[in-house]
file data30.csv (CSV, C-alpha atoms)
chain,number,residue,atom,x,y,z
A,1,MET,CA,23.4,124.3,-64.9
A,2,ASN,CA,24.8,120.9,-65.5
A,3,GLU,CA,21.9,118.3,-65.3
A,4,ASN,CA,24.4,115.8,-63.7
A,5,PHE,CA,25.1,118.1,-60.8
A,6,LYS,CA,23.8,116.4,-57.6
A,7,GLY,CA,24.7,119.0,-55.0
A,8,ILE,CA,27.7,120.0,-52.9
A,9,TRP,CA,29.4,118.7,-49.8
A,10,ILE,CA,30.7,121.2,-47.2
A,11,PRO,CA,33.8,119.9,-45.3
A,12,LYS,CA,33.7,120.7,-41.6
A,13,GLU,CA,37.0,122.5,-41.8
A,14,ILE,CA,35.1,125.0,-44.0
A,15,LEU,CA,31.8,124.9,-42.2
A,16,ASN,CA,33.4,125.6,-38.8
A,17,ASN,CA,35.6,128.5,-40.1
A,18,LYS,CA,34.4,131.5,-38.1
A,19,ASN,CA,36.0,133.9,-40.6
A,20,LEU,CA,33.8,132.9,-43.5
A,21,GLY,CA,30.1,133.9,-44.1
A,22,GLN,CA,27.6,131.3,-45.3
A,23,THR,CA,27.8,132.4,-48.9
A,24,GLU,CA,31.6,132.2,-48.8
A,25,LYS,CA,31.4,128.7,-47.3
A,26,ILE,CA,29.0,127.4,-49.9
A,27,LEU,CA,31.0,129.0,-52.7
A,28,ILE,CA,34.3,127.5,-51.6
A,29,SER,CA,32.7,124.1,-51.1
A,30,SER,CA,31.1,124.3,-54.6
A,31,ILE,CA,34.6,124.9,-56.1
A,32,PHE,CA,35.9,121.9,-54.1
A,33,THR,CA,33.1,119.8,-55.5
A,34,LEU,CA,33.5,121.0,-59.1
A,35,ASP,CA,37.3,120.6,-59.1
A,36,SER,CA,38.1,117.4,-60.9
A,37,GLY,CA,41.8,117.7,-60.1
A,38,LYS,CA,42.5,120.4,-62.8
A,39,GLY,CA,40.6,123.3,-61.2
A,40,CYS,CA,37.1,124.6,-61.3
A,41,TYR,CA,36.1,126.3,-64.6
A,42,ALA,CA,32.6,127.4,-63.6
A,43,THR,CA,31.6,131.0,-64.5
A,44,ASN,CA,30.2,133.7,-62.3
A,45,GLY,CA,26.9,133.1,-64.0
A,46,TYR,CA,26.9,129.5,-63.1
A,47,PHE,CA,27.6,130.3,-59.4
A,48,ALA,CA,24.9,133.0,-59.5
A,49,GLN,CA,22.3,130.5,-60.6
A,50,LEU,CA,23.6,127.9,-58.1
A,51,LEU,CA,23.5,130.2,-55.1
A,52,GLY,CA,20.6,132.3,-56.1
A,53,ILE,CA,22.5,135.6,-56.0
A,54,SER,CA,23.6,138.2,-58.7
A,55,LYS,CA,26.7,137.8,-60.8
A,56,ASP,CA,28.0,141.0,-59.4
A,57,ARG,CA,27.7,139.6,-55.8
A,58,VAL,CA,29.5,136.4,-57.0
A,59,SER,CA,32.3,138.5,-58.4
A,60,LYS,CA,32.7,140.4,-55.2
A,61,VAL,CA,32.7,137.3,-53.0
A,62,ILE,CA,35.3,135.5,-55.3
A,63,ASN,CA,37.6,138.6,-55.4
A,64,LYS,CA,37.4,138.8,-51.6
A,65,LEU,CA,38.3,135.1,-51.2
A,66,ILE,CA,41.2,135.5,-53.6
A,67,LYS,CA,42.5,138.5,-51.7
A,68,SER,CA,42.3,136.7,-48.4
A,69,GLU,CA,44.0,133.7,-50.0
A,70,TYR,CA,41.2,131.2,-49.6
A,71,LEU,CA,41.0,130.8,-53.4
A,72,ASN,CA,43.6,130.8,-56.1
A,73,SER,CA,42.7,132.1,-59.6
A,74,LYS,CA,44.4,131.6,-62.9
A,75,ILE,CA,43.3,133.4,-66.1
A,76,ILE,CA,43.8,131.7,-69.5
A,77,TYR,CA,43.8,134.1,-72.4
A,78,LYS,CA,43.0,133.3,-76.1
A,79,THR,CA,46.0,133.1,-78.3
A,80,ASP,CA,47.5,136.4,-79.5
A,81,ILE,CA,44.6,138.5,-78.1
A,82,LYS,CA,43.9,139.8,-74.6
A,83,GLU,CA,40.5,138.2,-74.4
A,84,ILE,CA,39.8,135.8,-71.6
A,85,GLU,CA,39.2,132.2,-72.6
A,86,LYS,CA,38.6,130.8,-69.2
A,87,ARG,CA,39.2,131.3,-65.4
A,88,ILE,CA,40.4,128.4,-63.3
A,89,LEU,CA,39.6,128.5,-59.6
A,90,THR,CA,41.2,126.3,-56.9
A,91,VAL,CA,40.8,126.2,-53.1
A,92,ASN,CA,43.9,127.0,-51.2
A,93,SER,CA,43.7,124.0,-48.8
A,94,GLN,CA,46.9,125.1,-47.0
A,95,LYS,CA,44.8,128.1,-45.6
A,96,PHE,CA,42.6,125.7,-43.8
A,97,MET,CA,45.4,123.4,-42.6
A,98,ASP,CA,48.1,125.9,-41.4
A,99,GLY,CA,46.3,129.2,-40.8
A,100,LEU,CA,42.9,129.7,-39.3
A,101,CYS,CA,42.2,126.0,-38.6
A,102,GLU,CA,45.7,125.2,-37.1
A,103,ASN,CA,45.4,122.8,-34.2
A,104,THR,CA,41.7,122.1,-35.0
A,105,PHE,CA,42.0,120.3,-38.3
A,106,SER,CA,40.8,116.7,-38.3
A,107,PRO,CA,40.5,114.2,-41.1
A,108,ILE,CA,37.3,113.9,-43.2
A,109,VAL,CA,36.5,110.5,-41.7
A,110,GLU,CA,37.3,110.5,-38.0
A,111,ASN,CA,39.0,107.5,-36.5
A,112,SER,CA,36.6,106.4,-33.6
A,113,GLN,CA,39.0,103.8,-32.3
A,114,GLU,CA,41.3,104.5,-29.3
A,115,TYR,CA,44.7,105.8,-30.2
A,116,LYS,CA,47.1,103.0,-30.6
A,117,LYS,CA,50.8,102.6,-31.2
A,118,GLU,CA,50.4,100.4,-34.2
A,119,ILE,CA,47.9,102.1,-36.4
A,120,TYR,CA,48.7,101.2,-39.9
A,121,THR,CA,49.8,98.1,-41.8
A,122,LYS,CA,50.1,97.8,-45.6
A,123,ASN,CA,51.2,95.1,-48.0
A,124,ASN,CA,54.5,94.1,-46.4
A,125,SER,CA,53.3,94.5,-42.8
A,126,ARG,CA,55.0,97.8,-42.4
A,127,SER,CA,53.7,99.5,-39.3
A,128,PHE,CA,53.9,103.2,-38.4
A,129,ARG,CA,54.6,103.8,-34.7
A,130,GLU,CA,54.0,106.5,-32.3
A,131,THR,CA,56.7,109.2,-32.2
A,132,GLY,CA,57.6,112.0,-29.7
A,133,LYS,CA,55.5,115.1,-29.5
A,134,GLU,CA,58.0,117.8,-30.5
A,135,LYS,CA,60.8,117.7,-33.1
A,136,THR,CA,63.8,119.9,-33.4
A,137,LYS,CA,64.6,121.8,-36.5
A,138,ASN,CA,67.4,119.4,-37.5
A,139,GLN,CA,65.5,116.3,-36.4
A,140,ILE,CA,66.8,113.1,-38.0
A,141,PHE,CA,63.9,110.7,-38.2
A,142,HIS,CA,64.4,107.1,-37.3
A,143,GLU,CA,63.5,104.5,-39.9
A,144,LYS,CA,60.7,103.1,-37.7
A,145,SER,CA,59.1,106.5,-37.0
A,146,GLU,CA,55.7,107.3,-38.5
A,147,PRO,CA,56.9,110.3,-40.6
A,148,TYR,CA,59.9,108.4,-42.0
A,149,MET,CA,57.9,105.3,-42.9
A,150,LEU,CA,55.2,107.3,-44.5
A,151,ALA,CA,57.8,109.2,-46.5
A,152,GLN,CA,59.3,105.8,-47.6
A,153,PHE,CA,55.8,104.6,-48.4
A,154,LEU,CA,55.2,107.6,-50.6
A,155,GLU,CA,58.5,106.9,-52.3
A,156,GLU,CA,57.5,103.3,-53.0
A,157,GLN,CA,54.1,104.4,-54.5
A,158,ILE,CA,55.9,106.7,-56.9
A,159,GLN,CA,58.3,103.9,-57.9
A,160,LYS,CA,55.4,101.7,-58.8
A,161,HIS,CA,54.6,103.9,-61.8
A,162,THR,CA,58.0,105.5,-62.2
A,163,PRO,CA,60.7,102.8,-61.7
A,164,GLU,CA,63.5,105.2,-62.5
A,165,PHE,CA,62.6,107.2,-59.4
A,166,LYS,CA,65.4,106.1,-57.1
A,167,ALA,CA,65.4,105.8,-53.3
A,168,ASP,CA,67.2,108.7,-51.6
A,169,GLU,CA,67.8,109.0,-47.8
A,170,ALA,CA,68.2,112.7,-47.7
A,171,ARG,CA,65.0,113.2,-49.7
A,172,ARG,CA,63.1,110.8,-47.3
A,173,GLN,CA,64.3,112.9,-44.3
A,174,ARG,CA,63.0,116.1,-46.0
A,175,TRP,CA,59.6,114.5,-46.7
A,176,ALA,CA,59.5,113.1,-43.2
A,177,LYS,CA,59.7,116.7,-41.8
A,178,ASP,CA,56.6,117.7,-43.8
A,179,ILE,CA,54.8,114.6,-42.8
A,180,ASP,CA,55.7,115.1,-39.2
A,181,LEU,CA,54.0,118.5,-39.4
A,182,MET,CA,50.9,116.9,-40.9
A,183,ILE,CA,50.7,114.6,-37.9
A,184,ARG,CA,51.6,116.9,-35.1
A,185,ARG,CA,50.5,120.4,-36.3
A,186,ASP,CA,47.7,119.5,-38.6
A,187,GLY,CA,46.3,116.7,-36.4
A,188,LEU,CA,46.1,114.2,-39.2
A,189,ASP,CA,45.9,110.5,-38.6
A,190,PRO,CA,48.7,108.5,-40.3
A,191,ASP,CA,46.1,105.9,-41.4
A,192,LYS,CA,44.4,108.6,-43.4
A,193,ILE,CA,47.6,110.0,-44.8
A,194,ALA,CA,48.6,106.6,-46.0
A,195,ASP,CA,45.2,106.1,-47.6
A,196,VAL,CA,45.4,109.4,-49.4
A,197,ILE,CA,48.9,108.5,-50.7
A,198,VAL,CA,47.6,105.3,-52.2
A,199,TRP,CA,44.5,107.0,-53.7
A,200,ALA,CA,46.6,109.9,-55.2
A,201,HIS,CA,49.0,107.5,-56.9
A,202,LYS,CA,46.2,105.5,-58.5
A,203,SER,CA,45.0,108.8,-60.1
A,204,THR,CA,46.6,109.6,-63.5
A,205,PHE,CA,46.4,113.3,-62.7
A,206,TRP,CA,47.5,113.3,-59.0
A,207,ARG,CA,50.4,110.8,-59.4
A,208,ALA,CA,52.2,113.4,-61.5
A,209,ASN,CA,51.7,116.1,-58.9
A,210,ILE,CA,52.1,114.4,-55.5
A,211,LEU,CA,55.9,113.8,-55.7
A,212,SER,CA,57.0,115.2,-52.3
A,213,GLY,CA,56.1,115.5,-48.7
A,214,LYS,CA,55.6,119.2,-49.1
A,215,LYS,CA,53.1,118.8,-52.0
A,216,LEU,CA,51.3,116.0,-50.1
A,217,ARG,CA,50.8,118.3,-47.2
A,218,GLU,CA,49.7,121.3,-49.4
A,219,LYS,CA,47.1,119.2,-51.3
A,220,TYR,CA,46.0,116.9,-48.5
A,221,LEU,CA,42.6,118.5,-47.9
A,222,GLN,CA,41.7,118.5,-51.5
A,223,LEU,CA,42.9,115.0,-52.0
A,224,SER,CA,41.0,113.7,-49.0
A,225,ILE,CA,37.8,115.4,-50.1
A,226,GLN,CA,38.0,114.0,-53.7
A,227,MET,CA,38.9,110.5,-52.4
A,228,ASN,CA,35.8,110.4,-50.1
A,229,CYS,CA,33.5,111.9,-52.9
A,230,ASN,CA,34.6,109.1,-55.3
A,231,ARG,CA,34.0,106.2,-52.9

call {"tool": "encode", "arguments": {"input": "data30.csv", "output": "structure tokens"}}
result
Amino acid sequence: MNENFKGIWIPKEILNNKNLGQTEKILISSIFTLDSGKGCYATNGYFAQLLGISKDRVSKVINKLIKSEYLNSKIIYKTDIKEIEKRILTVNSQKFMDGLCENTFSPIVENSQEYKKEIYTKNNSRSFRETGKEKTKNQIFHEKSEPYMLAQFLEEQIQKHTPEFKADEARRQRWAKDIDLMIRRDGLDPDKIADVIVWAHKSTFWRANILSGKKLREKYLQLSIQMNCNR
């Protein structure tokens, strides 16, 4: 086992999941902890030593979690031969945000202040304001609405390192729909969404991956966990 390994952190979205056993929760959290942004490369032997169970038991748990879509697995084979070089595991954060934990998801660091209309101000004093509860399918987001302004903020963060990425109103509206779901359905605080956007686009790995509202929503849980672990 890596001597630099200090332990794991179990997010409450995983800890409170009633569909997972203790071993499954610890295993998923271990993969979160070991994922540096490019996936977890740990072997079944590593997890067996970490959890104090057999490699066979580890294999069965991982296969079950892949089948139930809590984990994603990618196998890399050696060139020209069918021998496995490595396995890459990642946690399907969408499973915790849209499925079993829908309507119960809350950010890693909870906002203890009372809900307020103006909740976020960055750089040029842009504030994200409270929006209506329900949106229609063809909702056009006002430029002062939280989802729209966060979509525009994401666009601006991308432009900082990719100047050729031009502003696009139709794209902002698409992103705003995804961000609206993050706020209303996933229960996320716009403060935290904005912080995650900033953190992601300071990362050389994540800045190349978080290029849409859809991807931001899909990877939010993983981004939030890594951001808090690196503080």

call {"tool": "atom_distance", "arguments": {"input": "data30.csv", "atom1": "CA of Leu188 in chain A", "atom2": "CA of Thr23 in chain A"}}
result
27.6 Å

call {"tool": "atom_distance", "arguments": {"input": "data30.csv", "atom1": "CA of Lys60 in chain A", "atom2": "CA of Asn16 in chain A"}}
result
22.1 Å

call {"tool": "atom_distance", "arguments": {"input": "data30.csv", "atom1": "CA of Lys78 in chain A", "atom2": "CA of Ser203 in chain A"}}
result
29.3 Å

call {"tool": "closest_residue", "arguments": {"input": "data30.csv", "among": "A:Ala167, A:Ile84, A:Leu89, A:Met149", "to": "Ile193 in chain A", "atoms": "all atoms listed in the file"}}
result
A:Met149

call {"tool": "residues_around", "arguments": {"input": "data30.csv", "residues": "Tyr70 in chain A", "least_positions_apart": "3", "cutoff": "6 Å", "atoms": "all atoms listed in the file", "output": "list in words"}}
result
Leu65, Ile66 and Asn92 of chain A

call {"tool": "closest_residue", "arguments": {"input": "data30.csv", "among": "A:Arg171, A:Pro163, A:Leu51, A:Pro147", "to": "Pro190 in chain A", "atoms": "only C-alpha atoms"}}
result
A:Pro147

call {"tool": "residues_around", "arguments": {"input": "data30.csv", "residues": "Glu143 in chain A", "least_positions_apart": "3", "cutoff": "10 Å", "atoms": "all atoms listed in the file", "output": "list in words"}}
result
Phe128, Ile140, Glu146, Pro147, Tyr148, Met149, Leu150, Ala151, Gln152, Arg172 and Gln173 of chain A

call {"tool": "residues_around", "arguments": {"input": "data30.csv", "residues": "Trp206 in chain A", "least_positions_apart": "5", "cutoff": "10 Å", "atoms": "only C-alpha atoms", "output": "ChimeraX atom specification"}}
result
/A:37-38,197,199-201,211,219,223

call {"tool": "closest_residue", "arguments": {"input": "data30.csv", "among": "A:Gln222, A:Asn63, A:Lys18, A:Asp178", "to": "Leu34 in chain A", "atoms": "only C-alpha atoms"}}
result
A:Gln222

call {"tool": "closest_residue", "arguments": {"input": "data30.csv", "among": "A:Leu216, A:Ile14, A:Ala208, A:Ile8", "to": "Val196 in chain A", "atoms": "all atoms listed in the file"}}
result
A:Leu216

call {"tool": "residues_around", "arguments": {"input": "data30.csv", "residues": "range 42-46 of chain A", "least_positions_apart": "4", "cutoff": "9 Å", "atoms": "only C-alpha atoms", "output": "PyMOL selection string"}}
result
chain A and resi 1+31+34+50-51+54-56+58-59+62+86-89

call {"tool": "closest_residue", "arguments": {"input": "data30.csv", "among": "A:His161, A:Arg217, A:Glu156, A:Glu13", "to": "Leu181 in chain A", "atoms": "all atoms listed in the file"}}
result
A:Arg217

call {"tool": "closest_residue", "arguments": {"input": "data30.csv", "among": "A:Arg185, A:Phe165, A:Asn228, A:Trp9", "to": "Ser30 in chain A", "atoms": "all atoms listed in the file"}}
result
A:Trp9
